[in-house]
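Notes follow once the structure below has been shown.
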Amino acid sequence: MAFYNVRKVIEMIKVIMHGCNGKMGQTVTGLIAADDEIEIVAGVDAFDSGKNTYPVFQSIELCTMEADAVIDFSSAPAVDGLLDYCVSKGLPCVLCTTGLSEEQLQKAEEASTKTAVLKSANMSLGINMFLKLLKEAAGILAPAGFDIEIVEKHHNKKLDAPSGTALALADSINEELDNSYEYVYDRSGRREKRPVKEIGLSAVRGGSIVGEHDVIFAGADEVITFSHTAYSKAVFGKGAIEAAKFLAGKPAGKYDMSDVIGK
């Protein structure tokens, strides 16, 4: 009787890097170059630095390369065209750009009915575990009278404030509390006692801070603070790459990082 070794053939996942010459685009490019399971077949960026090993198109509409998914770390104005392209091609999209308008978020929802869309304000594994922990903490501490504040810190080049991650943290808490809390971004224009059902969000911008998020539960005579610090943009890039691997071949639908990590 003859025996044969059967080896599973893993096809290389092909992706388009949307926003390839930005800081995150270049971070993802470097990480993928060292990954045997995925490759970038094309990049999209208004400016071509000439440093990439793949072809770069000035807009997604001009891209002629076939791919299994798109990883997007671009800017809000570029997202509309990206979503139109992905819907027309049936191309799964890992949507990482933050600072989107309500109209764009709705457009992403609509796109997910026609192709796979994974939307996350933060791609790191740690943050997604953080979201889960905050739900549990909020369910215990908020009914006991603890006030909730979120302080986020980022580099001085970040455009949106508060960060998409800070809003995701607030949303996770608020979902646990039946969405009964209001968000407050600025108290300078009012003179009144802090309402009970309020989540304060504060943004700090300075230097080269990659990303820090503190969630403060302040009660009578005790304070509990949950913190997450990112020391490198690589944590976001690694998550986006795993998300692209997960999303390739998936049917139309709305996905998030909890699907990727299996939580």
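The way I read the labels, and the way they are meant: chains A, B, ... in the order of the structure tokens, residue 1 as the first residue of every chain, and ligand 1 as the first ligand shown, with later ones counted on from there.
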
(message) Need to verify the contact set: Leu133 of chain A, 10 Å, only C-alpha atoms, exclusion of same-chain residues closer than 4 positions in sequence. Can you return it as a PyMOL selection string?
(response) chain A and resi 127-129+137-138+172-173+226

(message) I want to know what sits within 6 Å of Pro92 of chain A, based on only C-alpha atoms, with residues of the same chain fewer than 5 positions away left out; could you give that as a VMD selection string?
(response) chain A and resid 69 115 to 117

(request) For atom CA of Gly81 of chain A and atom CA of Gln104 of chain A, determine how far apart the two atoms are, in Å to one decimal place. (result)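 Taking atom CA of Gly81 of chain A and atom CA of Gln104 of chain A, their separation equals 10.6 Å.
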
(message) Could you tell me how far atom CA of Val15 of chain A sits from atom CA of Val70 of chain A, in Å to one decimal place?
(response)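 Result for atom CA of Val70 of chain A versus atom CA of Val15 of chain A: 5.3 Å, one decimal.
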
(request) Could you find all residues in segment 42-214 of chain A that DSSP calls alpha helix (DSSP H) from the backbone, and write them as a PyMOL selection string? (result) chain A and resi 76-89+102-111+125-141+164-176

So that I have them on file, write out the residues from the current selection with N, CA and C atoms, as a compact mmCIF listing (two decimals), in the first residue's frame.
# COMPACT_ATOMS: atom_id res chain seq x y z
N ALA A 76 -10.80 60.59 5.05
CA ALA A 76 -12.25 60.57 4.90
C ALA A 76 -12.74 60.94 3.49
N PRO A 77 -12.17 61.96 2.82
CA PRO A 77 -12.67 62.31 1.49
C PRO A 77 -12.51 61.20 0.46
N ALA A 78 -11.58 60.27 0.69
CA ALA A 78 -11.34 59.21 -0.28
C ALA A 78 -12.24 57.99 -0.08
N VAL A 79 -12.96 57.96 1.03
CA VAL A 79 -13.72 56.75 1.38
C VAL A 79 -14.95 56.55 0.49
N ASP A 80 -15.60 57.61 0.06
CA ASP A 80 -16.80 57.47 -0.78
C ASP A 80 -16.47 56.72 -2.07
N GLY A 81 -15.41 57.14 -2.74
CA GLY A 81 -15.01 56.48 -3.97
C GLY A 81 -14.60 55.04 -3.73
N LEU A 82 -13.94 54.80 -2.59
CA LEU A 82 -13.52 53.44 -2.25
C LEU A 82 -14.73 52.52 -2.10
N LEU A 83 -15.74 52.97 -1.36
CA LEU A 83 -16.92 52.14 -1.14
C LEU A 83 -17.65 51.86 -2.46
N ASP A 84 -17.75 52.87 -3.32
CA ASP A 84 -18.38 52.67 -4.64
C ASP A 84 -17.63 51.61 -5.43
N TYR A 85 -16.31 51.68 -5.40
CA TYR A 85 -15.47 50.73 -6.14
C TYR A 85 -15.67 49.31 -5.59
N CYS A 86 -15.63 49.16 -4.27
CA CYS A 86 -15.77 47.83 -3.66
C CYS A 86 -17.13 47.22 -3.96
N VAL A 87 -18.17 48.04 -3.95
CA VAL A 87 -19.51 47.53 -4.27
C VAL A 87 -19.56 47.09 -5.73
N SER A 88 -18.99 47.88 -6.62
CA SER A 88 -19.04 47.56 -8.06
C SER A 88 -18.25 46.29 -8.38
N LYS A 89 -17.19 46.03 -7.62
CA LYS A 89 -16.33 44.87 -7.86
C LYS A 89 -16.67 43.68 -6.96
N GLU A 102 -21.47 61.10 9.32
CA GLU A 102 -22.63 60.21 9.50
C GLU A 102 -23.09 59.67 8.15
N GLU A 103 -23.01 60.50 7.12
CA GLU A 103 -23.40 60.06 5.78
C GLU A 103 -22.48 58.95 5.28
N GLN A 104 -21.20 59.07 5.56
CA GLN A 104 -20.25 58.04 5.13
C GLN A 104 -20.43 56.75 5.91
N LEU A 105 -20.71 56.87 7.19
CA LEU A 105 -20.97 55.67 7.99
C LEU A 105 -22.21 54.95 7.48
N GLN A 106 -23.23 55.71 7.09
CA GLN A 106 -24.43 55.12 6.51
C GLN A 106 -24.11 54.47 5.17
N LYS A 107 -23.25 55.10 4.40
CA LYS A 107 -22.86 54.53 3.11
C LYS A 107 -22.11 53.21 3.30
N ALA A 108 -21.29 53.14 4.34
CA ALA A 108 -20.59 51.89 4.64
C ALA A 108 -21.58 50.80 5.02
N GLU A 109 -22.61 51.18 5.78
CA GLU A 109 -23.67 50.22 6.14
C GLU A 109 -24.35 49.69 4.89
N GLU A 110 -24.67 50.58 3.97
CA GLU A 110 -25.34 50.18 2.73
C GLU A 110 -24.43 49.31 1.88
N ALA A 111 -23.13 49.64 1.85
CA ALA A 111 -22.17 48.85 1.07
C ALA A 111 -22.08 47.42 1.61
N LEU A 125 -5.63 44.17 18.87
CA LEU A 125 -6.23 43.12 19.69
C LEU A 125 -6.51 43.63 21.10
N GLY A 126 -5.55 44.40 21.65
CA GLY A 126 -5.70 44.90 23.00
C GLY A 126 -6.92 45.79 23.17
N ILE A 127 -7.14 46.68 22.22
CA ILE A 127 -8.30 47.57 22.30
C ILE A 127 -9.59 46.77 22.23
N ASN A 128 -9.63 45.77 21.40
CA ASN A 128 -10.87 44.99 21.27
C ASN A 128 -11.16 44.15 22.50
N MET A 129 -10.11 43.73 23.22
CA MET A 129 -10.33 43.10 24.51
C MET A 129 -10.78 44.16 25.53
N PHE A 130 -10.20 45.35 25.41
CA PHE A 130 -10.55 46.50 26.26
C PHE A 130 -12.05 46.79 26.20
N LEU A 131 -12.60 46.76 24.98
CA LEU A 131 -14.03 47.02 24.79
C LEU A 131 -14.88 46.04 25.59
N LYS A 132 -14.46 44.79 25.58
CA LYS A 132 -15.21 43.76 26.30
C LYS A 132 -15.14 43.99 27.81
N LEU A 133 -13.96 44.34 28.32
CA LEU A 133 -13.79 44.57 29.75
C LEU A 133 -14.61 45.76 30.23
N LEU A 134 -14.67 46.80 29.38
CA LEU A 134 -15.40 48.00 29.76
C LEU A 134 -16.90 47.75 29.90
N LYS A 135 -17.43 46.88 29.06
CA LYS A 135 -18.85 46.54 29.18
C LYS A 135 -19.14 45.96 30.57
N GLU A 136 -18.29 45.03 30.99
CA GLU A 136 -18.49 44.40 32.28
C GLU A 136 -18.36 45.41 33.42
N ALA A 137 -17.34 46.27 33.31
CA ALA A 137 -17.12 47.27 34.36
C ALA A 137 -18.28 48.26 34.44
N ALA A 138 -18.75 48.71 33.27
CA ALA A 138 -19.85 49.68 33.24
C ALA A 138 -21.11 49.11 33.87
N GLY A 139 -21.38 47.83 33.60
CA GLY A 139 -22.58 47.19 34.13
C GLY A 139 -22.58 47.11 35.64
N ILE A 140 -21.38 47.10 36.24
CA ILE A 140 -21.26 47.03 37.69
C ILE A 140 -21.16 48.41 38.33
N LEU A 141 -20.32 49.26 37.73
CA LEU A 141 -19.96 50.53 38.37
C LEU A 141 -20.96 51.66 38.13
N GLY A 164 -11.60 58.05 16.95
CA GLY A 164 -12.61 57.03 16.67
C GLY A 164 -12.61 55.95 17.73
N THR A 165 -11.42 55.66 18.28
CA THR A 165 -11.32 54.64 19.33
C THR A 165 -12.01 55.11 20.60
N ALA A 166 -11.83 56.39 20.96
CA ALA A 166 -12.50 56.92 22.15
C ALA A 166 -14.02 56.82 22.02
N LEU A 167 -14.51 57.12 20.83
CA LEU A 167 -15.96 57.00 20.59
C LEU A 167 -16.41 55.55 20.66
N ALA A 168 -15.57 54.63 20.17
CA ALA A 168 -15.91 53.21 20.24
C ALA A 168 -15.95 52.74 21.69
N LEU A 169 -15.04 53.23 22.51
CA LEU A 169 -15.05 52.89 23.94
C LEU A 169 -16.32 53.42 24.60
N ALA A 170 -16.68 54.66 24.27
CA ALA A 170 -17.90 55.24 24.83
C ALA A 170 -19.13 54.45 24.38
N ASP A 171 -19.15 54.09 23.10
CA ASP A 171 -20.29 53.33 22.58
C ASP A 171 -20.42 51.98 23.27
N SER A 172 -19.28 51.32 23.52
CA SER A 172 -19.30 50.02 24.17
C SER A 172 -19.88 50.13 25.57
N ILE A 173 -19.49 51.16 26.29
CA ILE A 173 -20.02 51.41 27.63
C ILE A 173 -21.51 51.72 27.56
N ASN A 174 -21.87 52.59 26.63
CA ASN A 174 -23.26 53.05 26.54
C ASN A 174 -24.20 51.91 26.13
N GLU A 175 -23.73 51.02 25.30
CA GLU A 175 -24.56 49.86 24.91
C GLU A 175 -24.91 49.02 26.13
N GLU A 176 -23.94 48.88 27.03
CA GLU A 176 -24.18 48.12 28.26
C GLU A 176 -25.19 48.82 29.16

(request) List every residue of segment 45-220 of chain A that DSSP, applied to the backbone of this structure, places in strand (DSSP E), and write the result as a VMD selection string. (result) chain A and resid 56 to 57 69 to 72 93 to 95 116 to 119 147 to 154 182 to 184 198 to 205 211 to 219

(request) Within 12 Å of Pro251 of chain A, counting only C-alpha atoms, which residues show up once you throw out same-chain ones fewer than 3 positions away? Write them as a list in words, please. (result)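 So the residues in contact are Gly90, Leu91, Pro92, Cys93, Ser112, Thr113, Lys114, Thr115, Ala116, Val117, Leu118, Phe246, Leu247, Ala248, Lys254 and Tyr255 of chain A.
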
(request) Go through A:His228, A:Lys119, A:Lys51, A:Lys153 and flag the residue nearest Val260 of chain A, using only C-alpha atoms for the distances. (result)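 Going through A:His228, A:Lys119, A:Lys51, A:Lys153 one by one, the smallest distance to Val260 of chain A is for A:Lys119.
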
(request) Mind giving me the straight-line distance from atom CA of Val215 of chain A to atom CA of Ser163 of chain A in Å, one decimal? (result) 13.3 Å

(request) Identify, on the basis of only C-alpha atoms, every residue whose closest approach to Ser120 of chain A does not exceed 8 Å; exclude the query and any residue fewer than 5 positions from it along the same chain; express the result as a count of residues only. (result) 4

Do you know which residues are at most 12 Å from segment 36-49 of chain A counting only C-alpha atoms, after dropping those on the same chain fewer than 6 positions away, and could you put them as a compact mmCIF listing (two decimals) with N, CA and C atoms, in the first residue's frame?
# COMPACT_ATOMS: atom_id res chain seq x y z
N VAL A 9 -2.60 23.31 0.26
CA VAL A 9 -2.11 24.43 -0.52
C VAL A 9 -2.81 25.71 -0.06
N ILE A 10 -2.02 26.64 0.39
CA ILE A 10 -2.58 27.91 0.84
C ILE A 10 -2.30 28.95 -0.22
N GLU A 11 -3.34 29.48 -0.79
CA GLU A 11 -3.17 30.50 -1.81
C GLU A 11 -2.84 31.84 -1.16
N MET A 12 -1.94 32.55 -1.78
CA MET A 12 -1.56 33.88 -1.30
C MET A 12 -2.74 34.83 -1.44
N ILE A 13 -3.08 35.52 -0.36
CA ILE A 13 -4.16 36.49 -0.39
C ILE A 13 -3.63 37.79 -0.99
N LYS A 14 -4.35 38.31 -1.95
CA LYS A 14 -3.93 39.52 -2.65
C LYS A 14 -4.76 40.71 -2.18
N VAL A 15 -4.08 41.79 -1.82
CA VAL A 15 -4.79 42.97 -1.33
C VAL A 15 -4.34 44.24 -2.06
N ILE A 16 -5.25 45.20 -2.06
CA ILE A 16 -4.94 46.55 -2.52
C ILE A 16 -4.77 47.41 -1.27
N MET A 17 -3.67 48.16 -1.21
CA MET A 17 -3.42 49.03 -0.07
C MET A 17 -3.88 50.43 -0.41
N HIS A 18 -5.02 50.83 0.16
CA HIS A 18 -5.63 52.13 -0.13
C HIS A 18 -5.09 53.16 0.86
N GLY A 19 -4.34 54.14 0.36
CA GLY A 19 -3.62 55.06 1.23
C GLY A 19 -2.23 54.52 1.51
N CYS A 20 -1.60 53.99 0.47
CA CYS A 20 -0.36 53.22 0.65
C CYS A 20 0.83 54.06 1.09
N ASN A 21 0.84 55.36 0.79
CA ASN A 21 2.01 56.16 1.12
C ASN A 21 1.88 56.97 2.40
N GLY A 22 0.76 56.80 3.10
CA GLY A 22 0.63 57.40 4.42
C GLY A 22 1.43 56.58 5.43
N LYS A 23 1.50 57.07 6.67
CA LYS A 23 2.28 56.37 7.68
C LYS A 23 1.77 54.95 7.93
N GLY A 25 -0.14 53.22 5.84
CA GLY A 25 0.02 52.47 4.59
C GLY A 25 1.41 51.88 4.48
N GLN A 26 2.42 52.67 4.85
CA GLN A 26 3.79 52.17 4.78
C GLN A 26 4.08 51.16 5.88
N VAL A 28 1.84 49.02 7.08
CA VAL A 28 1.22 47.77 6.59
C VAL A 28 2.07 47.16 5.47
N THR A 29 2.59 48.01 4.59
CA THR A 29 3.43 47.53 3.49
C THR A 29 4.64 46.76 4.03
N GLY A 30 5.28 47.30 5.05
CA GLY A 30 6.43 46.62 5.64
C GLY A 30 6.07 45.31 6.31
N PRO A 55 2.62 48.45 -8.10
CA PRO A 55 2.14 49.63 -8.82
C PRO A 55 1.23 50.48 -7.95
N VAL A 56 1.30 51.79 -8.12
CA VAL A 56 0.49 52.73 -7.34
C VAL A 56 -0.38 53.55 -8.28
N PHE A 57 -1.68 53.57 -8.00
CA PHE A 57 -2.65 54.33 -8.79
C PHE A 57 -3.07 55.57 -8.02
N GLN A 58 -3.35 56.65 -8.73
CA GLN A 58 -3.70 57.90 -8.07
C GLN A 58 -5.09 57.88 -7.44
N SER A 59 -5.96 57.03 -7.93
CA SER A 59 -7.29 56.87 -7.32
C SER A 59 -7.73 55.43 -7.49
N ILE A 60 -8.64 55.00 -6.64
CA ILE A 60 -9.09 53.62 -6.67
C ILE A 60 -9.80 53.29 -7.98
N GLU A 61 -10.43 54.29 -8.57
CA GLU A 61 -11.15 54.07 -9.83
C GLU A 61 -10.21 53.68 -10.97
N LEU A 62 -8.94 54.06 -10.87
CA LEU A 62 -7.96 53.77 -11.92
C LEU A 62 -7.28 52.42 -11.73
N CYS A 63 -7.51 51.79 -10.59
CA CYS A 63 -6.84 50.52 -10.30
C CYS A 63 -7.37 49.40 -11.19
N THR A 64 -6.46 48.68 -11.81
CA THR A 64 -6.83 47.59 -12.73
C THR A 64 -6.43 46.21 -12.21
N MET A 65 -5.88 46.15 -11.02
CA MET A 65 -5.39 44.89 -10.47
C MET A 65 -6.52 44.12 -9.76
N GLU A 66 -6.50 42.81 -9.92
CA GLU A 66 -7.46 41.95 -9.24
C GLU A 66 -6.96 41.67 -7.82
N ALA A 67 -7.87 41.63 -6.87
CA ALA A 67 -7.48 41.41 -5.48
C ALA A 67 -8.57 40.69 -4.72
N ASP A 68 -8.21 40.20 -3.53
CA ASP A 68 -9.16 39.51 -2.66
C ASP A 68 -9.77 40.44 -1.62
N ALA A 69 -9.10 41.57 -1.36
CA ALA A 69 -9.59 42.52 -0.36
C ALA A 69 -8.84 43.83 -0.49
N VAL A 70 -9.40 44.86 0.14
CA VAL A 70 -8.75 46.16 0.22
C VAL A 70 -8.51 46.47 1.69
N ILE A 71 -7.31 46.97 2.00
CA ILE A 71 -7.03 47.52 3.33
C ILE A 71 -6.99 49.03 3.18
N ASP A 72 -7.81 49.72 3.93
CA ASP A 72 -7.93 51.17 3.78
C ASP A 72 -7.41 51.91 5.01
N PHE A 73 -6.34 52.67 4.82
CA PHE A 73 -5.87 53.63 5.80
C PHE A 73 -5.63 54.93 5.03
N SER A 74 -6.69 55.58 4.63
CA SER A 74 -6.54 56.76 3.79
C SER A 74 -7.05 58.00 4.53
N SER A 75 -7.94 58.73 3.91
CA SER A 75 -8.54 59.91 4.53
C SER A 75 -10.03 59.90 4.23
N ALA A 78 -11.58 60.27 0.69
CA ALA A 78 -11.34 59.21 -0.28
C ALA A 78 -12.24 57.99 -0.08
N VAL A 79 -12.96 57.96 1.03
CA VAL A 79 -13.72 56.75 1.38
C VAL A 79 -14.95 56.55 0.49
N GLY A 81 -15.41 57.14 -2.74
CA GLY A 81 -15.01 56.48 -3.97
C GLY A 81 -14.60 55.04 -3.73
N LEU A 82 -13.94 54.80 -2.59
CA LEU A 82 -13.52 53.44 -2.25
C LEU A 82 -14.73 52.52 -2.10
N LYS A 238 -0.93 45.23 12.12
CA LYS A 238 -1.03 43.78 12.28
C LYS A 238 -2.49 43.35 12.34
N ALA A 240 -5.05 44.95 11.02
CA ALA A 240 -5.66 45.14 9.70
C ALA A 240 -5.31 44.00 8.76
N ILE A 241 -4.09 43.51 8.85
CA ILE A 241 -3.66 42.39 8.00
C ILE A 241 -4.44 41.13 8.36
N GLU A 242 -4.59 40.85 9.65
CA GLU A 242 -5.37 39.68 10.06
C GLU A 242 -6.82 39.83 9.64
N ALA A 243 -7.32 41.06 9.68
CA ALA A 243 -8.70 41.31 9.25
C ALA A 243 -8.86 41.03 7.76
N ALA A 244 -7.86 41.41 6.94
CA ALA A 244 -7.93 41.17 5.50
C ALA A 244 -7.90 39.67 5.21
N LYS A 245 -7.07 38.94 5.94
CA LYS A 245 -7.02 37.49 5.77
C LYS A 245 -8.38 36.87 6.11
N PHE A 246 -8.98 37.37 7.17
CA PHE A 246 -10.29 36.87 7.59
C PHE A 246 -11.37 37.20 6.58
N ALA A 248 -11.23 37.97 3.29
CA ALA A 248 -11.13 37.46 1.92
C ALA A 248 -12.06 36.26 1.73

(request) For Glu152 of chain A, work out the shell of residues within 9 Å, counting only C-alpha atoms and skipping chain neighbours fewer than 4 positions away, then give it as a ChimeraX atom specification. (result) /A:162-163,165-166,201-205,211-215
